[in-house]
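Presented below is the structure to which this report refers.
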Amino acid sequence: MQTFKKNDGASWNRGVWKIFGVDENNISCEHPCDSLRRLWMISDFNHLLKCFRTSTLDDRLQEFKTPYGTVKKRHWEALLEEENYRQPNMKIAYKLTPAHLNPKGFQAMNVPLATEVFGHEVSVAMAHYQPMCNKLKDSTPTQKFIDLIFNLVQAMSSRIPRDALYVKDDCRNKQAILKFLQFFEDWEKFEKKIPVSRSTSVGLKVTLRATLEILDMLKDVCDFKYLMTATLSQDPLERFFSVMRYSCGGNDHPDPKMFAQVYRLASSFSLIRPPRECNVSGTDLLKSLVDAKEVLTSSNKDSKGLWLQSIDDMLESTELILKGSSIDTDHDYNEAVTSDAVQSYIAGYIVRKLKKIVKCVNCLQCIQMSAEAGKKLQRNDVICKMDLYGGLLFASNELFSLTKQLEKCVLRAISKNLTNLETISDISIELKKEVLLKVGCFEHEYKLTKKIIDIYIVMRAHFLVKSANRRYDEAKIKTKTNRKNAKLLS
Ligand SMILES: [Zn+2]
């Protein structure tokens, strides 16, 4: 058996590395208790990534040179601007927010903020807007840089066998780690002073090389097929210690003896046990759970029925509500527009959802477009760029136009009011003003169109709720800081 030791990037942990004689040239040492075993040192990858993000996307730095070219922070900022961050339109890099670029206070410790700034969709969005946006004209090095980090993050955070690290040389994740190590070496040769601190760069190199060596060792000695790299981060260790300390009762700082005892107990302790001396007896608990569930489903059914009924009314009614009244045009202050490329991507997603339920061959032909024909169309640019794993679908022109109509109605409905309880009915009022296209074969046209409208609007409502919640959270944080500042001044 071999062992590895993981820790975060704090300086005292680096002191341990020094004592064991571990540095970037020598990443493992002999186990102090057993000369047959090796001891590897690993730093927490998420912590390293956060340090890497903080030092590369620094406001004082703004841009830095790499072997790929000059990477600039304003490319990320230009992207936020280009996609109208504040507007409710659908976006390619939908996760990116200003907080990703300038994390404040505790946000600096947030792992998703660090991984999402190097997301695949960010580089795809940059590539897509590059021809149109002047500020993104020179963003090719930034895109390459983002892709490099994205692939590395994927390789170092695998949680399922499919994404795991394999020994074979054509493993995508292994390639990603090797590519990053090579890039780092080139970078240090290319530039005298790279923006990444010495401790972070040593940590990254040692951790990545140790990961590859542990993988080889696990294959040779233990006959493992793959390594799920998420287990190498510090989280599982922290989880384990928190369970242990929690189990010690009032004593938060158990001594080694007590720790060993509790560990033995915990190893044989079954977690699935009915709560003792619980004031609700088993049958009552079950009943209340079942009842609560029924309440939810029945109310859901009612509102769902009403919604489907309103789509029916809309499709059946021949007369249109006259659009373009003066009140409507006066109040159109919100000019959000979802671009065709994003719309096409979403339409492709609708095709994927429909393929599971639609059995009719003619209908399927009406909603989908072949990959060869799809790739030629300008509107499918994002799908082609996004297709990292393959399997994305292309929507037919009819379906695309229908979703475009629906999106227009949605954006018009929310331009008048913020997202609230009435939004869905606002949307259906807007829908009634349009002559919606019908999609599907002659026989199923009505049913299929109804289904598409249902799926699309419900999905869109989910997005709206998410962005509304985000706005609400931001407002709350702002109030909090304002209050704090007021206190400091008074
Ligand atoms: Zn059909």
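Here, A, B, ... name the chains of the structure tokens in the order displayed, residue numbers run from 1 inside each chain, and ligands are numbered from 1 in the same displayed order.
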Give me the residues within 12 Å of region 79-82 of chain A as a ChimeraX atom specification, counting only C-alpha atoms and dropping any in the same chain fewer than 4 places off. /A:72-75,86-87,89,91-101,117,121-130,132-137,139,142-143,336-339
Name the residues, by chain letter and number, that sit within 10 Å of ligand 1 using only C-alpha atoms and all ligand atoms, and give them as a CSV table (one decimal) with N, CA and C atoms, in the first residue's frame.
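Here's the written file result_11.csv:
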```
chain,number,residue,atom,x,y,z
A,358,VAL,N,-42.0,12.0,-28.7
A,358,VAL,CA,-42.6,11.9,-30.0
A,358,VAL,C,-42.2,10.6,-30.7
A,359,LYS,N,-43.2,9.9,-31.1
A,359,LYS,CA,-42.9,8.6,-31.8
A,359,LYS,C,-43.1,8.7,-33.3
A,360,CYS,N,-43.9,9.6,-33.8
A,360,CYS,CA,-44.3,9.7,-35.2
A,360,CYS,C,-43.1,10.2,-36.0
A,361,VAL,N,-42.7,9.4,-37.0
A,361,VAL,CA,-41.5,9.7,-37.9
A,361,VAL,C,-41.7,11.0,-38.6
A,362,ASN,N,-42.9,11.3,-39.1
A,362,ASN,CA,-43.1,12.5,-39.9
A,362,ASN,C,-42.9,13.7,-39.0
A,363,CYS,N,-43.4,13.6,-37.7
A,363,CYS,CA,-43.3,14.7,-36.8
A,363,CYS,C,-41.8,15.0,-36.5
A,364,LEU,N,-41.0,13.9,-36.3
A,364,LEU,CA,-39.6,14.1,-36.0
A,364,LEU,C,-38.9,14.8,-37.1
A,365,GLN,N,-39.3,14.4,-38.3
A,365,GLN,CA,-38.7,15.1,-39.5
A,365,GLN,C,-39.0,16.6,-39.5
A,366,CYS,N,-40.2,16.9,-39.0
A,366,CYS,CA,-40.6,18.4,-38.9
A,366,CYS,C,-39.8,19.2,-37.9
A,439,VAL,N,-46.2,23.4,-35.8
A,439,VAL,CA,-45.1,22.5,-36.2
A,439,VAL,C,-45.6,21.1,-36.0
A,440,GLY,N,-45.2,20.2,-37.0
A,440,GLY,CA,-45.6,18.8,-36.9
A,440,GLY,C,-46.3,18.3,-38.1
A,441,CYS,N,-46.5,17.0,-38.2
A,441,CYS,CA,-47.2,16.5,-39.4
A,441,CYS,C,-48.7,16.9,-39.3
A,442,PHE,N,-49.4,16.7,-40.4
A,442,PHE,CA,-50.8,17.1,-40.5
A,442,PHE,C,-51.6,16.6,-39.3
A,443,GLU,N,-51.4,15.3,-39.0
A,443,GLU,CA,-52.2,14.7,-38.0
A,443,GLU,C,-51.9,15.2,-36.6
A,444,HIS,N,-50.7,15.4,-36.3
A,444,HIS,CA,-50.3,15.7,-34.9
A,444,HIS,C,-50.0,17.2,-34.6
A,445,GLU,N,-50.1,18.0,-35.7
A,445,GLU,CA,-49.7,19.4,-35.6
A,445,GLU,C,-50.2,20.1,-34.3
A,446,TYR,N,-51.5,20.0,-34.1
A,446,TYR,CA,-52.0,20.7,-32.9
A,446,TYR,C,-51.4,20.2,-31.6
A,447,LYS,N,-51.4,18.9,-31.4
A,447,LYS,CA,-50.9,18.3,-30.2
A,447,LYS,C,-49.4,18.7,-30.0
A,448,LEU,N,-48.6,18.6,-31.1
A,448,LEU,CA,-47.2,18.8,-30.9
A,448,LEU,C,-46.9,20.3,-30.6
```
Near-Phe400 (chain A) list (10 Å; only C-alpha atoms; drop same-chain fewer than 4 positions) as a PyMOL selection string: chain A and resi 340+343-348+350-351+367-368+379+394-396+404-406+439
Could you please write out, as an MDAnalysis selection string, every residue of region 102-237 of chain A that DSSP assigns to strand (DSSP E or B)? chainID A and resid 165:166 226:227
Residues at most 8 Å from region 455-461 of chain A, counting only C-alpha atoms, excluding those fewer than 3 positions away in the same chain, as a PDB file with all heavy atoms, in the first residue's frame?
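Result file is part-v3.pdb:
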```
ATOM      1  N   ILE A 350     -34.845  21.742 -27.150  1.00  0.00           N
ATOM      2  CA  ILE A 350     -36.266  21.355 -27.225  1.00  0.00           C
ATOM      3  C   ILE A 350     -36.398  20.079 -28.069  1.00  0.00           C
ATOM      4  O   ILE A 350     -37.161  19.179 -27.739  1.00  0.00           O
ATOM      5  CB  ILE A 350     -37.106  22.499 -27.849  1.00  0.00           C
ATOM      6  CG1 ILE A 350     -36.966  23.780 -27.036  1.00  0.00           C
ATOM      7  CG2 ILE A 350     -38.555  22.099 -28.000  1.00  0.00           C
ATOM      8  CD1 ILE A 350     -37.805  23.884 -25.820  1.00  0.00           C
ATOM      9  N   THR A 403     -39.940  28.888 -31.750  1.00  0.00           N
ATOM     10  CA  THR A 403     -39.344  29.257 -30.464  1.00  0.00           C
ATOM     11  C   THR A 403     -38.971  30.733 -30.473  1.00  0.00           C
ATOM     12  O   THR A 403     -39.044  31.397 -29.443  1.00  0.00           O
ATOM     13  CB  THR A 403     -38.096  28.427 -30.135  1.00  0.00           C
ATOM     14  OG1 THR A 403     -37.131  28.626 -31.151  1.00  0.00           O
ATOM     15  CG2 THR A 403     -38.402  26.969 -29.976  1.00  0.00           C
ATOM     16  N   LEU A 406     -42.023  32.589 -29.604  1.00  0.00           N
ATOM     17  CA  LEU A 406     -42.334  32.436 -28.186  1.00  0.00           C
ATOM     18  C   LEU A 406     -41.414  33.325 -27.348  1.00  0.00           C
ATOM     19  O   LEU A 406     -41.857  33.994 -26.410  1.00  0.00           O
ATOM     20  CB  LEU A 406     -42.168  30.973 -27.764  1.00  0.00           C
ATOM     21  CG  LEU A 406     -43.131  29.979 -28.397  1.00  0.00           C
ATOM     22  CD1 LEU A 406     -42.763  28.563 -28.013  1.00  0.00           C
ATOM     23  CD2 LEU A 406     -44.553  30.281 -27.957  1.00  0.00           C
ATOM     24  N   VAL A 410     -42.200  36.238 -24.579  1.00  0.00           N
ATOM     25  CA  VAL A 410     -41.722  36.193 -23.194  1.00  0.00           C
ATOM     26  C   VAL A 410     -41.034  37.503 -22.847  1.00  0.00           C
ATOM     27  O   VAL A 410     -41.320  38.128 -21.818  1.00  0.00           O
ATOM     28  CB  VAL A 410     -40.748  35.010 -22.996  1.00  0.00           C
ATOM     29  CG1 VAL A 410     -40.078  35.100 -21.648  1.00  0.00           C
ATOM     30  CG2 VAL A 410     -41.469  33.691 -23.131  1.00  0.00           C
ATOM     31  N   ILE A 424     -46.678  34.373 -15.824  1.00  0.00           N
ATOM     32  CA  ILE A 424     -47.153  33.342 -16.753  1.00  0.00           C
ATOM     33  C   ILE A 424     -48.412  33.808 -17.479  1.00  0.00           C
ATOM     34  O   ILE A 424     -48.561  33.634 -18.690  1.00  0.00           O
ATOM     35  CB  ILE A 424     -47.390  32.015 -15.980  1.00  0.00           C
ATOM     36  CG1 ILE A 424     -46.097  31.207 -15.898  1.00  0.00           C
ATOM     37  CG2 ILE A 424     -48.510  31.208 -16.545  1.00  0.00           C
ATOM     38  CD1 ILE A 424     -45.768  30.330 -17.060  1.00  0.00           C
ATOM     39  N   LYS A 451     -47.505  20.985 -27.107  1.00  0.00           N
ATOM     40  CA  LYS A 451     -46.434  20.438 -26.256  1.00  0.00           C
ATOM     41  C   LYS A 451     -45.199  21.350 -26.283  1.00  0.00           C
ATOM     42  O   LYS A 451     -44.574  21.611 -25.253  1.00  0.00           O
ATOM     43  CB  LYS A 451     -46.076  19.031 -26.762  1.00  0.00           C
ATOM     44  CG  LYS A 451     -45.179  18.234 -25.851  1.00  0.00           C
ATOM     45  CD  LYS A 451     -45.936  17.698 -24.660  1.00  0.00           C
ATOM     46  CE  LYS A 451     -45.015  17.571 -23.462  1.00  0.00           C
ATOM     47  NZ  LYS A 451     -45.720  17.431 -22.211  1.00  0.00           N
ATOM     48  N   ILE A 452     -44.858  21.822 -27.490  1.00  0.00           N
ATOM     49  CA  ILE A 452     -43.667  22.676 -27.617  1.00  0.00           C
ATOM     50  C   ILE A 452     -43.851  23.961 -26.814  1.00  0.00           C
ATOM     51  O   ILE A 452     -42.968  24.370 -26.064  1.00  0.00           O
ATOM     52  CB  ILE A 452     -43.397  23.017 -29.104  1.00  0.00           C
ATOM     53  CG1 ILE A 452     -43.003  21.754 -29.865  1.00  0.00           C
ATOM     54  CG2 ILE A 452     -42.285  24.058 -29.231  1.00  0.00           C
ATOM     55  CD1 ILE A 452     -42.928  21.941 -31.361  1.00  0.00           C
ATOM     56  N   LEU A 464     -36.284  32.549 -15.734  1.00  0.00           N
ATOM     57  CA  LEU A 464     -36.667  33.861 -15.209  1.00  0.00           C
ATOM     58  C   LEU A 464     -36.597  33.873 -13.697  1.00  0.00           C
ATOM     59  O   LEU A 464     -36.100  34.822 -13.092  1.00  0.00           O
ATOM     60  CB  LEU A 464     -38.090  34.210 -15.658  1.00  0.00           C
ATOM     61  CG  LEU A 464     -38.235  34.593 -17.120  1.00  0.00           C
ATOM     62  CD1 LEU A 464     -39.692  34.822 -17.446  1.00  0.00           C
ATOM     63  CD2 LEU A 464     -37.443  35.851 -17.408  1.00  0.00           C
ATOM     64  N   VAL A 465     -37.116  32.795 -13.092  1.00  0.00           N
ATOM     65  CA  VAL A 465     -37.107  32.721 -11.628  1.00  0.00           C
ATOM     66  C   VAL A 465     -35.671  32.766 -11.133  1.00  0.00           C
ATOM     67  O   VAL A 465     -35.342  33.466 -10.177  1.00  0.00           O
ATOM     68  CB  VAL A 465     -37.797  31.425 -11.157  1.00  0.00           C
ATOM     69  CG1 VAL A 465     -37.555  31.186  -9.689  1.00  0.00           C
ATOM     70  CG2 VAL A 465     -39.279  31.501 -11.439  1.00  0.00           C
TER      71      VAL A 465
END
```
